[in-house]
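Asker: Dropping in final-v3.cif, which is mmCIF, C-alpha atoms and all ligand atoms:
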```cif
data_run
loop_
_atom_site.label_atom_id
_atom_site.label_comp_id
_atom_site.auth_asym_id
_atom_site.auth_seq_id
_atom_site.Cartn_x
_atom_site.Cartn_y
_atom_site.Cartn_z
CA GLU A 1 -81.35 120.30 -154.23
CA ASP A 2 -79.65 122.83 -156.47
CA PHE A 3 -77.98 121.57 -159.64
CA SER A 4 -77.91 124.98 -161.38
CA LEU A 5 -74.82 127.10 -161.93
CA SER A 6 -76.56 130.09 -160.29
CA GLY A 7 -74.50 132.62 -162.20
CA TYR A 8 -71.10 131.00 -161.67
CA GLU A 9 -68.87 130.27 -164.63
CA HIS A 10 -68.01 126.77 -163.42
CA TYR A 11 -69.47 124.23 -161.03
CA MET A 12 -66.06 123.72 -159.49
CA ARG A 13 -65.91 127.33 -158.28
CA LYS A 14 -69.53 127.32 -157.14
CA GLU A 15 -68.86 124.14 -155.20
CA TYR A 16 -65.66 125.23 -153.49
CA LEU A 17 -67.32 128.50 -152.48
CA GLU A 18 -70.18 126.48 -150.94
CA GLN A 19 -67.78 124.82 -148.50
CA PRO A 20 -68.42 126.92 -145.38
CA ALA A 21 -72.11 125.91 -145.61
CA SER A 22 -71.50 122.30 -146.63
CA ALA A 23 -68.96 121.85 -143.81
CA GLU A 24 -71.61 123.13 -141.37
CA ALA A 25 -73.99 120.53 -142.77
CA VAL A 26 -71.75 117.49 -142.11
CA LEU A 27 -71.09 118.62 -138.54
CA ARG A 28 -74.66 119.68 -137.72
CA GLY A 29 -76.19 117.80 -134.79
CA ARG A 30 -73.17 115.50 -134.54
CA LEU A 31 -70.95 117.30 -131.98
CA ASP A 32 -71.36 116.84 -128.24
CA ASP A 33 -69.32 119.52 -126.39
CA ARG A 34 -70.11 118.09 -122.98
CA PHE A 35 -68.48 114.69 -123.50
CA GLY A 36 -66.07 115.97 -126.15
CA THR A 37 -67.26 113.38 -128.65
CA PRO A 38 -69.15 113.19 -131.92
CA ARG A 39 -72.49 111.37 -132.16
CA LEU A 40 -72.38 109.14 -135.22
CA ASN A 41 -75.50 107.04 -134.84
CA GLY A 42 -75.44 105.94 -138.47
CA LEU A 43 -72.32 103.84 -137.85
CA ASN A 44 -74.49 101.22 -136.10
CA LEU A 45 -71.62 100.38 -133.74
CA ASP A 46 -72.14 100.25 -129.99
CA PRO A 47 -69.25 101.21 -127.68
CA ARG A 48 -68.25 97.60 -127.14
CA ALA A 49 -68.09 96.92 -130.90
CA LYS A 50 -65.99 100.10 -131.29
CA ARG A 51 -63.58 98.88 -128.62
CA GLU A 52 -63.19 95.53 -130.29
CA ILE A 53 -61.75 97.10 -133.46
CA ARG A 54 -58.08 96.17 -133.73
CA ARG A 55 -57.33 97.72 -137.12
CA VAL A 56 -58.92 100.14 -139.59
CA LYS A 57 -58.60 99.77 -143.34
CA VAL A 58 -59.82 102.59 -145.56
CA ILE A 59 -60.56 102.01 -149.25
CA GLY A 60 -61.55 104.46 -151.98
CA CYS A 61 -60.43 105.68 -155.41
CA GLY A 62 -58.77 108.86 -156.66
CA SER A 63 -59.21 111.81 -154.36
CA ALA A 64 -61.35 109.69 -152.02
CA PHE A 65 -58.29 107.49 -151.48
CA TYR A 66 -56.09 110.51 -150.63
CA VAL A 67 -58.63 111.77 -148.10
CA GLY A 68 -58.82 108.19 -146.84
CA GLN A 69 -55.10 108.34 -146.17
CA MET A 70 -55.62 111.58 -144.23
CA GLY A 71 -58.42 109.84 -142.30
CA ALA A 72 -56.34 106.75 -141.53
CA GLN A 73 -53.65 109.00 -140.04
CA MET A 74 -56.22 110.78 -137.88
CA ILE A 75 -57.59 107.45 -136.64
CA GLU A 76 -54.14 106.10 -135.78
CA GLU A 77 -53.12 109.35 -134.10
CA LEU A 78 -56.29 110.03 -132.10
CA ALA A 79 -57.67 106.54 -131.46
CA ARG A 80 -54.32 104.70 -131.42
CA ILE A 81 -55.69 101.99 -133.71
CA PRO A 82 -53.36 100.86 -136.52
CA ALA A 83 -54.92 102.28 -139.69
CA ASP A 84 -54.07 102.64 -143.34
CA ALA A 85 -55.66 103.42 -146.69
CA GLU A 86 -55.41 101.62 -150.02
CA PRO A 87 -56.94 102.29 -153.44
CA ALA A 88 -60.06 100.13 -153.73
CA SER A 89 -58.99 99.39 -157.31
CA GLU A 90 -55.94 97.54 -155.94
CA PHE A 91 -57.55 96.03 -152.87
CA ARG A 92 -60.24 94.24 -154.86
CA TYR A 93 -57.73 92.32 -156.98
CA ARG A 94 -55.24 91.11 -154.39
CA ASN A 95 -57.22 88.54 -152.41
CA ALA A 96 -56.85 90.61 -149.22
CA VAL A 97 -57.04 88.95 -145.81
CA ILE A 98 -60.35 90.01 -144.24
CA GLU A 99 -60.31 90.08 -140.45
CA PRO A 100 -63.39 90.15 -138.20
CA THR A 101 -61.70 92.63 -135.83
CA THR A 102 -60.87 95.10 -138.62
CA LEU A 103 -63.22 97.98 -139.39
CA TYR A 104 -63.31 98.58 -143.15
CA VAL A 105 -64.24 102.09 -144.29
CA ALA A 106 -65.37 102.67 -147.89
CA VAL A 107 -65.09 106.30 -149.03
CA SER A 108 -66.97 107.59 -152.06
CA GLN A 109 -68.65 110.82 -153.09
CA SER A 110 -70.98 109.17 -155.61
CA GLY A 111 -71.39 105.87 -153.82
CA GLU A 112 -71.30 104.27 -157.30
CA THR A 113 -67.60 103.82 -158.12
CA ALA A 114 -67.34 100.24 -159.38
CA ASP A 115 -63.93 99.45 -157.89
CA THR A 116 -65.05 100.57 -154.43
CA ALA A 117 -68.46 98.88 -154.66
CA ILE A 118 -66.92 95.55 -155.69
CA ALA A 119 -64.31 95.79 -152.90
CA VAL A 120 -67.16 96.32 -150.41
CA ASP A 121 -69.00 93.26 -151.72
CA GLU A 122 -65.84 91.18 -151.41
CA ILE A 123 -65.29 92.29 -147.79
CA LYS A 124 -68.91 91.53 -146.92
CA ARG A 125 -68.79 88.17 -148.65
CA LYS A 126 -65.88 87.21 -146.39
CA GLY A 127 -67.73 88.35 -143.25
CA GLY A 128 -66.00 91.72 -142.76
CA ARG A 129 -67.68 94.79 -141.28
CA VAL A 130 -67.77 97.85 -143.57
CA VAL A 131 -68.95 101.37 -142.90
CA GLY A 132 -69.35 103.98 -145.63
CA VAL A 133 -68.25 107.61 -145.82
CA VAL A 134 -70.54 108.54 -148.69
CA ASN A 135 -72.23 111.65 -150.08
CA VAL A 136 -75.09 110.31 -152.19
CA VAL A 137 -77.88 109.01 -149.96
CA GLY A 138 -79.20 105.60 -150.95
CA SER A 139 -76.35 104.96 -153.43
CA SER A 140 -75.08 101.41 -154.07
CA ILE A 141 -72.14 101.66 -151.68
CA ALA A 142 -74.21 103.33 -148.95
CA ARG A 143 -76.78 100.52 -149.21
CA ALA A 144 -74.18 97.74 -149.20
CA CYS A 145 -72.42 98.99 -146.04
CA ASP A 146 -73.36 98.00 -142.47
CA GLY A 147 -73.60 101.66 -141.48
CA GLY A 148 -71.82 104.90 -142.16
CA ILE A 149 -71.52 108.64 -142.12
CA TYR A 150 -73.38 110.62 -144.79
CA LEU A 151 -71.52 113.71 -145.96
CA HIS A 152 -74.49 116.06 -146.59
CA ALA A 153 -72.33 118.07 -149.03
CA GLY A 154 -75.21 118.48 -151.49
CA PRO A 155 -74.91 117.61 -155.18
CA GLU A 156 -71.42 117.85 -156.65
CA VAL A 157 -71.24 118.24 -160.45
CA SER A 158 -67.61 119.20 -161.17
CA VAL A 159 -65.40 116.18 -161.88
CA ALA A 160 -62.76 117.69 -159.59
CA SER A 161 -64.21 117.11 -156.14
CA THR A 162 -64.03 119.93 -153.59
CA LYS A 163 -66.82 120.20 -151.00
CA ALA A 164 -67.37 116.43 -150.84
CA LEU A 165 -63.66 115.90 -150.11
CA THR A 166 -63.64 118.48 -147.33
CA ASN A 167 -66.65 116.77 -145.80
CA MET A 168 -64.96 113.37 -146.10
CA ALA A 169 -62.03 114.77 -144.12
CA LEU A 170 -64.43 116.18 -141.50
CA ALA A 171 -66.26 112.84 -141.31
CA PHE A 172 -62.93 111.05 -140.72
CA ALA A 173 -62.00 113.55 -138.01
CA MET A 174 -65.30 112.77 -136.27
CA LEU A 175 -64.78 109.02 -136.66
CA ALA A 176 -61.24 109.31 -135.24
CA ILE A 177 -62.40 111.32 -132.21
CA ASP A 178 -65.32 108.93 -131.66
CA LEU A 179 -63.08 105.84 -131.72
CA GLY A 180 -60.57 107.70 -129.55
CA ARG A 181 -63.16 108.68 -126.92
CA VAL A 182 -64.24 105.08 -126.28
CA ARG A 183 -60.54 104.40 -125.71
CA ASP A 184 -57.86 106.67 -124.24
CA LEU A 185 -58.52 110.08 -125.78
CA SER A 186 -59.29 112.26 -122.74
CA VAL A 187 -62.42 114.33 -122.34
CA SER A 188 -60.33 117.53 -122.42
CA ASN A 189 -58.66 116.50 -125.69
CA GLY A 190 -62.04 115.48 -127.05
CA ARG A 191 -63.47 118.89 -126.18
CA ARG A 192 -60.46 120.66 -127.68
CA LEU A 193 -60.95 118.80 -130.98
CA ILE A 194 -64.74 119.26 -131.02
CA ALA A 195 -64.19 123.01 -130.53
CA GLY A 196 -61.66 122.87 -133.38
CA LEU A 197 -64.19 121.23 -135.68
CA GLN A 198 -66.73 123.92 -134.83
CA ARG A 199 -64.28 126.61 -136.01
CA ILE A 200 -63.58 124.97 -139.38
CA PRO A 201 -66.52 126.31 -141.47
CA GLY A 202 -65.61 129.91 -140.57
CA GLN A 203 -61.93 129.26 -141.21
CA ILE A 204 -62.68 127.80 -144.65
CA ALA A 205 -64.46 131.09 -145.43
CA GLN A 206 -61.24 132.91 -144.44
CA VAL A 207 -59.17 130.78 -146.84
CA LEU A 208 -61.64 131.52 -149.65
CA GLU A 209 -61.34 135.28 -149.03
CA ASN A 210 -57.74 134.91 -150.14
CA GLU A 211 -58.78 133.79 -153.63
CA ASP A 212 -57.14 136.67 -155.57
CA GLN A 213 -53.71 136.03 -154.12
CA ILE A 214 -53.97 132.26 -154.68
CA ALA A 215 -55.10 132.93 -158.28
CA ASP A 216 -51.96 135.00 -158.83
CA VAL A 217 -49.72 132.18 -157.61
CA ALA A 218 -51.68 129.68 -159.73
CA LYS A 219 -51.16 131.71 -162.89
CA ARG A 220 -47.43 131.67 -162.36
CA LEU A 221 -47.39 127.92 -161.60
CA SER A 222 -49.41 127.18 -164.73
CA GLY A 223 -46.39 128.11 -166.86
CA ALA A 224 -44.22 125.32 -165.43
CA PRO A 225 -44.12 122.02 -167.31
CA SER A 226 -43.87 120.08 -164.06
CA ILE A 227 -44.40 120.78 -160.34
CA PHE A 228 -43.53 119.01 -157.11
CA PHE A 229 -46.04 118.94 -154.26
CA ILE A 230 -44.35 117.98 -151.01
CA GLY A 231 -45.40 117.33 -147.44
CA ARG A 232 -44.62 114.92 -144.65
CA VAL A 233 -46.77 112.87 -142.29
CA ARG A 234 -49.96 114.95 -141.85
CA GLY A 235 -48.95 117.09 -144.81
CA PHE A 236 -48.37 114.25 -147.25
CA PRO A 237 -51.98 113.36 -148.11
CA VAL A 238 -52.55 117.10 -148.59
CA ALA A 239 -49.66 117.20 -151.08
CA ARG A 240 -50.99 114.11 -152.87
CA GLU A 241 -54.43 115.59 -153.25
CA GLY A 242 -52.88 118.90 -154.36
CA ALA A 243 -50.90 117.18 -157.12
CA GLN A 244 -53.89 115.08 -158.18
CA LYS A 245 -56.19 118.06 -158.53
CA PHE A 246 -53.56 120.10 -160.35
CA LYS A 247 -52.90 117.44 -162.98
CA GLU A 248 -56.60 116.54 -163.43
CA ILE A 249 -57.62 119.98 -164.64
CA SER A 250 -54.44 121.85 -165.63
CA TYR A 251 -52.99 118.86 -167.56
CA ARG A 252 -49.59 119.80 -166.16
CA HIS A 253 -47.42 117.09 -164.71
CA ALA A 254 -47.49 117.24 -160.92
CA GLU A 255 -45.86 114.78 -158.58
CA ALA A 256 -46.37 114.42 -154.85
CA TYR A 257 -43.43 113.42 -152.71
CA GLN A 258 -42.70 113.08 -149.02
CA SER A 259 -40.50 116.03 -147.99
CA SER A 260 -38.52 113.52 -145.94
CA GLU A 261 -37.67 111.48 -149.05
CA LEU A 262 -36.40 114.36 -151.21
CA LYS A 263 -32.80 113.72 -150.32
CA HIS A 264 -33.19 110.09 -151.34
CA GLY A 265 -33.79 110.85 -154.99
CA PRO A 266 -35.98 113.67 -156.30
CA LEU A 267 -33.62 116.44 -155.20
CA ALA A 268 -31.74 115.60 -158.41
CA LEU A 269 -34.59 117.22 -160.38
CA ILE A 270 -34.68 120.54 -158.51
CA SER A 271 -33.81 123.52 -160.71
CA PRO A 272 -35.14 127.06 -161.36
CA GLU A 273 -37.55 125.49 -163.91
CA LEU A 274 -39.24 123.14 -161.40
CA PRO A 275 -41.41 124.85 -158.77
CA THR A 276 -42.34 123.11 -155.52
CA VAL A 277 -45.56 123.60 -153.58
CA ALA A 278 -44.74 122.67 -149.99
CA VAL A 279 -47.27 121.94 -147.25
CA VAL A 280 -45.82 123.41 -144.06
CA PRO A 281 -48.16 123.06 -141.07
CA HIS A 282 -47.24 124.52 -137.69
CA ASP A 283 -46.51 121.37 -135.73
CA GLU A 284 -43.65 119.35 -134.28
CA LEU A 285 -42.24 118.81 -137.81
CA THR A 286 -42.10 122.46 -138.94
CA GLY A 287 -38.33 122.66 -138.38
CA ARG A 288 -37.74 119.59 -140.51
CA ASN A 289 -39.97 120.93 -143.25
CA LEU A 290 -38.02 124.18 -143.29
CA GLY A 291 -34.84 122.12 -143.62
CA ALA A 292 -36.21 120.46 -146.77
CA LEU A 293 -37.18 123.86 -148.18
CA GLN A 294 -33.63 125.14 -147.59
CA GLU A 295 -32.34 122.28 -149.70
CA ILE A 296 -34.68 123.24 -152.53
CA GLY A 297 -33.97 126.98 -152.22
CA ALA A 298 -30.20 126.37 -152.27
CA ARG A 299 -30.61 124.70 -155.69
CA GLY A 300 -32.65 127.58 -157.09
CA GLY A 301 -36.00 125.78 -156.95
CA PRO A 302 -38.93 128.26 -156.78
CA LEU A 303 -41.01 127.70 -153.61
CA VAL A 304 -44.66 128.14 -152.75
CA ALA A 305 -45.62 127.28 -149.16
CA VAL A 306 -49.14 126.46 -148.02
CA THR A 307 -48.68 127.28 -144.37
CA HIS A 308 -49.81 129.32 -141.35
CA GLY A 309 -49.12 133.01 -140.67
CA ASP A 310 -46.87 132.31 -137.70
CA VAL A 311 -44.41 130.02 -139.53
CA ASP A 312 -41.16 131.95 -140.03
CA PHE A 313 -39.24 131.15 -143.22
CA GLY A 314 -36.27 133.38 -142.32
CA GLU A 315 -34.14 134.27 -145.33
CA LEU A 316 -35.81 131.79 -147.68
CA ILE A 317 -37.60 133.23 -150.69
CA VAL A 318 -41.05 131.71 -150.47
CA GLU A 319 -44.37 132.68 -151.98
CA ARG A 320 -46.66 131.95 -149.07
CA ILE A 321 -50.35 131.04 -148.94
CA ASP A 322 -51.48 131.39 -145.34
CA VAL A 323 -54.28 129.34 -143.86
CA PRO A 324 -55.70 129.92 -140.34
CA ARG A 325 -54.48 127.57 -137.61
CA ASN A 326 -56.80 125.13 -135.95
CA GLU A 327 -55.70 122.14 -133.85
CA PRO A 328 -52.62 120.44 -135.35
CA GLU A 329 -54.48 117.13 -135.80
CA LEU A 330 -57.17 118.89 -137.86
CA ASP A 331 -54.99 121.30 -139.86
CA PRO A 332 -54.74 119.03 -142.94
CA ILE A 333 -58.44 119.77 -143.59
CA LEU A 334 -57.85 123.52 -143.99
CA LEU A 335 -54.49 123.13 -145.75
CA THR A 336 -56.23 121.19 -148.55
CA VAL A 337 -58.56 124.06 -149.49
CA PRO A 338 -55.94 126.29 -151.23
CA MET A 339 -54.97 123.27 -153.37
CA GLN A 340 -58.42 123.42 -154.99
CA LEU A 341 -58.03 127.10 -155.81
CA LEU A 342 -54.50 126.61 -157.17
CA ALA A 343 -55.74 123.92 -159.57
CA TYR A 344 -58.85 125.87 -160.57
CA HIS A 345 -57.06 129.13 -161.35
CA ALA A 346 -54.22 127.39 -163.20
CA ALA A 347 -56.76 125.59 -165.40
CA LEU A 348 -58.78 128.79 -165.87
CA HIS A 349 -55.65 130.64 -166.98
CA LEU A 350 -54.80 127.85 -169.42
CA GLY A 351 -58.35 127.92 -170.82
CA HIS A 352 -59.31 124.32 -170.08
CA ASP A 353 -62.75 122.79 -169.68
CA ILE A 354 -62.64 122.87 -165.91
CA ASP A 355 -65.80 120.97 -165.02
CA LYS A 356 -65.23 118.21 -167.57
CA PRO A 357 -61.52 117.50 -167.90
CA ARG A 358 -60.51 115.36 -170.85
CA ASN A 359 -60.46 111.57 -170.37
CA LEU A 360 -62.09 111.71 -166.91
CA ALA A 361 -65.56 110.94 -165.59
CA LYS A 362 -67.18 112.16 -162.37
CA SER A 363 -67.69 108.60 -161.32
CA VAL A 364 -66.38 105.46 -162.93
CA THR A 365 -69.26 103.04 -162.62
CA VAL A 366 -68.25 100.47 -165.22
CA GLU A 367 -65.42 97.97 -165.26
C1 LIG A 401 -63.29 109.40 -160.50
C2 LIG A 401 -63.13 110.92 -160.42
C3 LIG A 401 -62.31 111.31 -159.18
C4 LIG A 401 -62.91 110.68 -157.93
C5 LIG A 401 -63.00 109.17 -158.07
C6 LIG A 401 -63.76 108.52 -156.92
O1 LIG A 401 -62.09 108.81 -160.89
O2 LIG A 401 -62.53 111.42 -161.58
O3 LIG A 401 -62.30 112.72 -159.06
O4 LIG A 401 -62.11 111.04 -156.83
O5 LIG A 401 -63.71 108.83 -159.26
O6 LIG A 401 -65.12 108.90 -156.97
P1 LIG A 401 -66.09 108.64 -155.77
O7 LIG A 401 -67.46 109.05 -156.27
O8 LIG A 401 -66.03 107.17 -155.45
O9 LIG A 401 -65.65 109.46 -154.61
#
```
Give the structure from the file, written as structure tokens.
Answerer:
Amino acid sequence: EDFSLSGYEHYMRKEYLEQPASAEAVLRGRLDDRFGTPRLNGLNLDPRAKREIRRVKVIGCGSAFYVGQMGAQMIEELARIPADAEPASEFRYRNAVIEPTTLYVAVSQSGETADTAIAVDEIKRKGGRVVGVVNVVGSSIARACDGGIYLHAGPEVSVASTKALTNMALAFAMLAIDLGRVRDLSVSNGRRLIAGLQRIPGQIAQVLENEDQIADVAKRLSGAPSIFFIGRVRGFPVAREGAQKFKEISYRHAEAYQSSELKHGPLALISPELPTVAVVPHDELTGRNLGALQEIGARGGPLVAVTHGDVDFGELIVERIDVPRNEPELDPILLTVPMQLLAYHAALHLGHDIDKPRNLAKSVTVE
């Protein structure tokens, strides 16, 4: 395994550029085109056990929590099982009700985050079933879980996670399709989504080819004292992760908000000094997203849209970052990639220590 910088200036850039290959690695050998379903043998769940799941609860910290929220949405949408995500750091302290028919999913790159590990022990102590979505093989969390999906992202050194997060999102997509296919997700929908997953590594490479343009946008954003990141439903976890990454390494204040909630408060802050990065997928909510952007534009708020080439913004003045389209249920995975580049290039422009941001550790293993 390669821990060297191999000529790159920062691990973060090396790692986000590795994503087409690391995404291939998490999918390799796990996709069955014929039945339109993933093969996730490591879960240690037979079809009957999968069908008995009545609820899914995802726990993780930091970026792993935001990807967990993306994953919970995929599970609810594709498998029609009620699902949500919660920071493990909260879950462990609130004496949560543990149900035998709930599947608990612990998400962690390192597999050593104390809050997540202790939450897993608490679930197990109360008889709950936990599976891990973990990168580091043989780590504490991986060993404590009843089964799981290894990410195969390779070693990640940069504090700001990139390739491990993308692989977490891919692992959740596979879990959602798998749980869906033992229920009511049809074989044709399963095949459509499996084909979508197979296209993702190549499409990530296309996003990365756009690095110069994204760097330009990032430089301009780095001058703002504060930035909104907005999205709704599938786009909201993308916005949350975008804001998280931006503040972690650029040290600029960034706040994620649901586009749908703007009118209930934050619109009061919109001005020419406060840029907004909006996640605008091409789906059944595009029209509503454009409505929210109109509201911002009308108040002079500068707009950056992370979107797809065929979304038409009409008269609105928008700096667009286009990402290839996949299947709408999987698009959040690709829409997250430009967020990494925005944060990286803003921090680079500001001259920060990108791989080791102040006050943060790659994994928080102590209480
Ligand atoms: C730390 C890092 C975050 C990371 C979180 C969870 O707080 O600074 O970037 O998302 O831990 O780490 P894990 O290894 O559990 O995914």
Asker: Taking all atoms listed in the file into account, report as a list in words which residues have an atom no farther than 8 Å from an atom of ligand LIG 401 (chain A).
Answerer: Gly60, Cys61, Gly62, Ser63, Ala64, Phe65, Val107, Ser108, Gln109, Ser110, Gly111, Glu112, Thr113, Thr116, Val134, Val159, Ala160, Ser161, Leu360, Ala361, Lys362, Ser363 and Val364 of chain A
Asker: Expressed in Å to a single decimal, how great is the separation between atom CA of Thr162 of chain A and atom CA of His10 of chain A?
Answerer: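 Taking atom CA of Thr162 of chain A and atom CA of His10 of chain A, their separation equals 12.6 Å.
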Asker: Name all residues at most 7 Å from segment 171-178 of chain A (count all atoms listed in the file; drop same-chain ones fewer than 6 positions away) and give them as a VMD selection string.
Answerer: chain A and resid 37 to 38 71 74 to 75 78 to 79 149 190
Asker: Would you mind telling me which residue in A:Arg325, A:Ala305, A:Ala142, A:Tyr251 lies nearest to Asn359 of chain A when using all atoms listed in the file?
Answerer: A:Tyr251
Asker: Restricting the calculation to all atoms listed in the file: of A:Val187, A:Leu262, A:Ile118, A:Leu221, which residue gets closest to Phe35 of chain A?
Answerer: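 For Phe35 of chain A, the nearest of the candidates is A:Val187.
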Asker: Return the single residue from A:Ser186, A:Ala88, A:Asp310, A:Glu329 that is closest to Glu76 of chain A, with distances computed using all atoms listed in the file.
Answerer: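 Answer, going by the shortest atom-to-atom distance: A:Glu329.
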Asker: Considering all atoms listed in the file, state which residue in the set A:Arg39, A:His349, A:Arg129, A:Lys356 is at the smallest distance from Arg55 of chain A.
Answerer: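 Distance minimum relative to Arg55 of chain A lands on A:Arg129.
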Asker: Go through A:Ser140, A:Ser22, A:Thr276, A:Ser260 and flag the residue nearest Ile200 of chain A, using all atoms listed in the file for the distances.
Answerer: A:Ser22
Asker: So that I can see what lies close to Ile227 of chain A, please list as a list of chain:residue names the residues with an atom at most 8 Å from it, counting all atoms listed in the file and leaving out residues fewer than 2 positions away in the same chain.
Answerer: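 Residues near the query, excluding close chain neighbours: A:Leu221, A:Ala224, A:Pro225, A:Phe229, A:Arg252, A:His253, A:Ala254, A:Glu255, A:Leu274, A:Pro275, A:Thr276, A:Val277.
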Asker: Give me the residues near Asn289 of chain A as a list in words, where near means some atom within 10 Å (using all atoms listed in the file) and where sequence neighbours in that chain fewer than 2 positions away do not count.
Answerer: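 That gives Ile230, Gly231, Arg232, Gly235, Ser259, Ser260, Ala278, Val279, Val280, Pro281, His282, Asp283, Glu284, Leu285, Thr286, Gly287, Gly291, Ala292, Leu293 and Gln294 of chain A.
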Asker: Please check which residues have atoms at most 12 Å from (-31.1, 124.3, -160.3) in the file's coordinates, counting only C-alpha atoms, and write them as a PyMOL selection string.
Answerer: chain A and resi 267-275+295-302
Asker: So, with all atoms listed in the file as the atoms that count, which of A:Lys14, A:Arg320, A:His345, A:Arg30 lies closest to Ser222 of chain A?
Answerer: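 Closest residue, counting all atoms listed in the file: A:His345.
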Asker: One decimal, Å: what's the distance from atom CA of Tyr66 of chain A over to atom CA of Val238 of chain A, could you say?
Answerer: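 If I compute the distance from atom CA of Tyr66 of chain A to atom CA of Val238 of chain A, I get 7.8 Å.
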Asker: Between atom CA of Val133 of chain A and atom CA of Val233 of chain A, what is the distance, to one decimal in Å?
Answerer: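 Distance between the two atoms: 22.4 Å.
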Asker: If I put a ball of radius 9 Å at (-62.9, 89.6, -149.8) in the file's coordinates, which residues poke into it when counting only C-alpha atoms, written as a short mmCIF file (atom, residue, chain, number, x, y, z; two decimals) with C-alpha atoms, in the frame of the given file?
Answerer:
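Result saved to point21.cif:
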```
data_model
loop_
_atom_site.label_atom_id
_atom_site.label_comp_id
_atom_site.auth_asym_id
_atom_site.auth_seq_id
_atom_site.Cartn_x
_atom_site.Cartn_y
_atom_site.Cartn_z
CA PHE A 91 -57.55 96.03 -152.87
CA ARG A 92 -60.24 94.24 -154.86
CA ASN A 95 -57.22 88.54 -152.41
CA ALA A 96 -56.85 90.61 -149.22
CA VAL A 97 -57.04 88.95 -145.81
CA ILE A 98 -60.35 90.01 -144.24
CA ALA A 119 -64.31 95.79 -152.90
CA VAL A 120 -67.16 96.32 -150.41
CA ASP A 121 -69.00 93.26 -151.72
CA GLU A 122 -65.84 91.18 -151.41
CA ILE A 123 -65.29 92.29 -147.79
CA LYS A 124 -68.91 91.53 -146.92
CA ARG A 125 -68.79 88.17 -148.65
CA LYS A 126 -65.88 87.21 -146.39
CA GLY A 127 -67.73 88.35 -143.25
CA GLY A 128 -66.00 91.72 -142.76
#
```
Asker: Would you list the contacts of Lys219 of chain A as a short mmCIF file (atom, residue, chain, number, x, y, z; two decimals) with C-alpha atoms, in the frame of the given file, taking every protein, DNA or RNA residue within 12 Å and counting all atoms listed in the file, but skipping same-chain residues closer than 2 positions in sequence?
Answerer:
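Output file part_23.cif is given in full below:
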```
data_model
loop_
_atom_site.label_atom_id
_atom_site.label_comp_id
_atom_site.auth_asym_id
_atom_site.auth_seq_id
_atom_site.Cartn_x
_atom_site.Cartn_y
_atom_site.Cartn_z
CA ASP A 212 -57.14 136.67 -155.57
CA GLN A 213 -53.71 136.03 -154.12
CA ILE A 214 -53.97 132.26 -154.68
CA ALA A 215 -55.10 132.93 -158.28
CA ASP A 216 -51.96 135.00 -158.83
CA VAL A 217 -49.72 132.18 -157.61
CA LEU A 221 -47.39 127.92 -161.60
CA SER A 222 -49.41 127.18 -164.73
CA GLY A 223 -46.39 128.11 -166.86
CA ALA A 224 -44.22 125.32 -165.43
CA SER A 250 -54.44 121.85 -165.63
CA LEU A 341 -58.03 127.10 -155.81
CA LEU A 342 -54.50 126.61 -157.17
CA ALA A 343 -55.74 123.92 -159.57
CA TYR A 344 -58.85 125.87 -160.57
CA HIS A 345 -57.06 129.13 -161.35
CA ALA A 346 -54.22 127.39 -163.20
CA ALA A 347 -56.76 125.59 -165.40
CA LEU A 348 -58.78 128.79 -165.87
CA HIS A 349 -55.65 130.64 -166.98
CA LEU A 350 -54.80 127.85 -169.42
CA GLY A 351 -58.35 127.92 -170.82
#
```
Asker: With all atoms listed in the file as the counted atoms, please give the residues lying no more than 12 Å from Leu208 of chain A, apart from itself and same-chain residues fewer than 4 positions off, as a short mmCIF file (atom, residue, chain, number, x, y, z; two decimals) with C-alpha atoms, in the coordinates of the input.
Answerer:
```cif
data_model
loop_
_atom_site.label_atom_id
_atom_site.label_comp_id
_atom_site.auth_asym_id
_atom_site.auth_seq_id
_atom_site.Cartn_x
_atom_site.Cartn_y
_atom_site.Cartn_z
CA ARG A 13 -65.91 127.33 -158.28
CA LYS A 14 -69.53 127.32 -157.14
CA GLU A 15 -68.86 124.14 -155.20
CA TYR A 16 -65.66 125.23 -153.49
CA LEU A 17 -67.32 128.50 -152.48
CA GLU A 18 -70.18 126.48 -150.94
CA GLN A 19 -67.78 124.82 -148.50
CA PRO A 20 -68.42 126.92 -145.38
CA PRO A 201 -66.52 126.31 -141.47
CA GLY A 202 -65.61 129.91 -140.57
CA GLN A 203 -61.93 129.26 -141.21
CA ILE A 204 -62.68 127.80 -144.65
CA ASP A 212 -57.14 136.67 -155.57
CA GLN A 213 -53.71 136.03 -154.12
CA ILE A 214 -53.97 132.26 -154.68
CA ALA A 215 -55.10 132.93 -158.28
CA ILE A 321 -50.35 131.04 -148.94
CA ASP A 322 -51.48 131.39 -145.34
CA VAL A 323 -54.28 129.34 -143.86
CA PRO A 324 -55.70 129.92 -140.34
CA LEU A 334 -57.85 123.52 -143.99
CA LEU A 335 -54.49 123.13 -145.75
CA THR A 336 -56.23 121.19 -148.55
CA VAL A 337 -58.56 124.06 -149.49
CA PRO A 338 -55.94 126.29 -151.23
CA MET A 339 -54.97 123.27 -153.37
CA GLN A 340 -58.42 123.42 -154.99
CA LEU A 341 -58.03 127.10 -155.81
CA LEU A 342 -54.50 126.61 -157.17
#
```
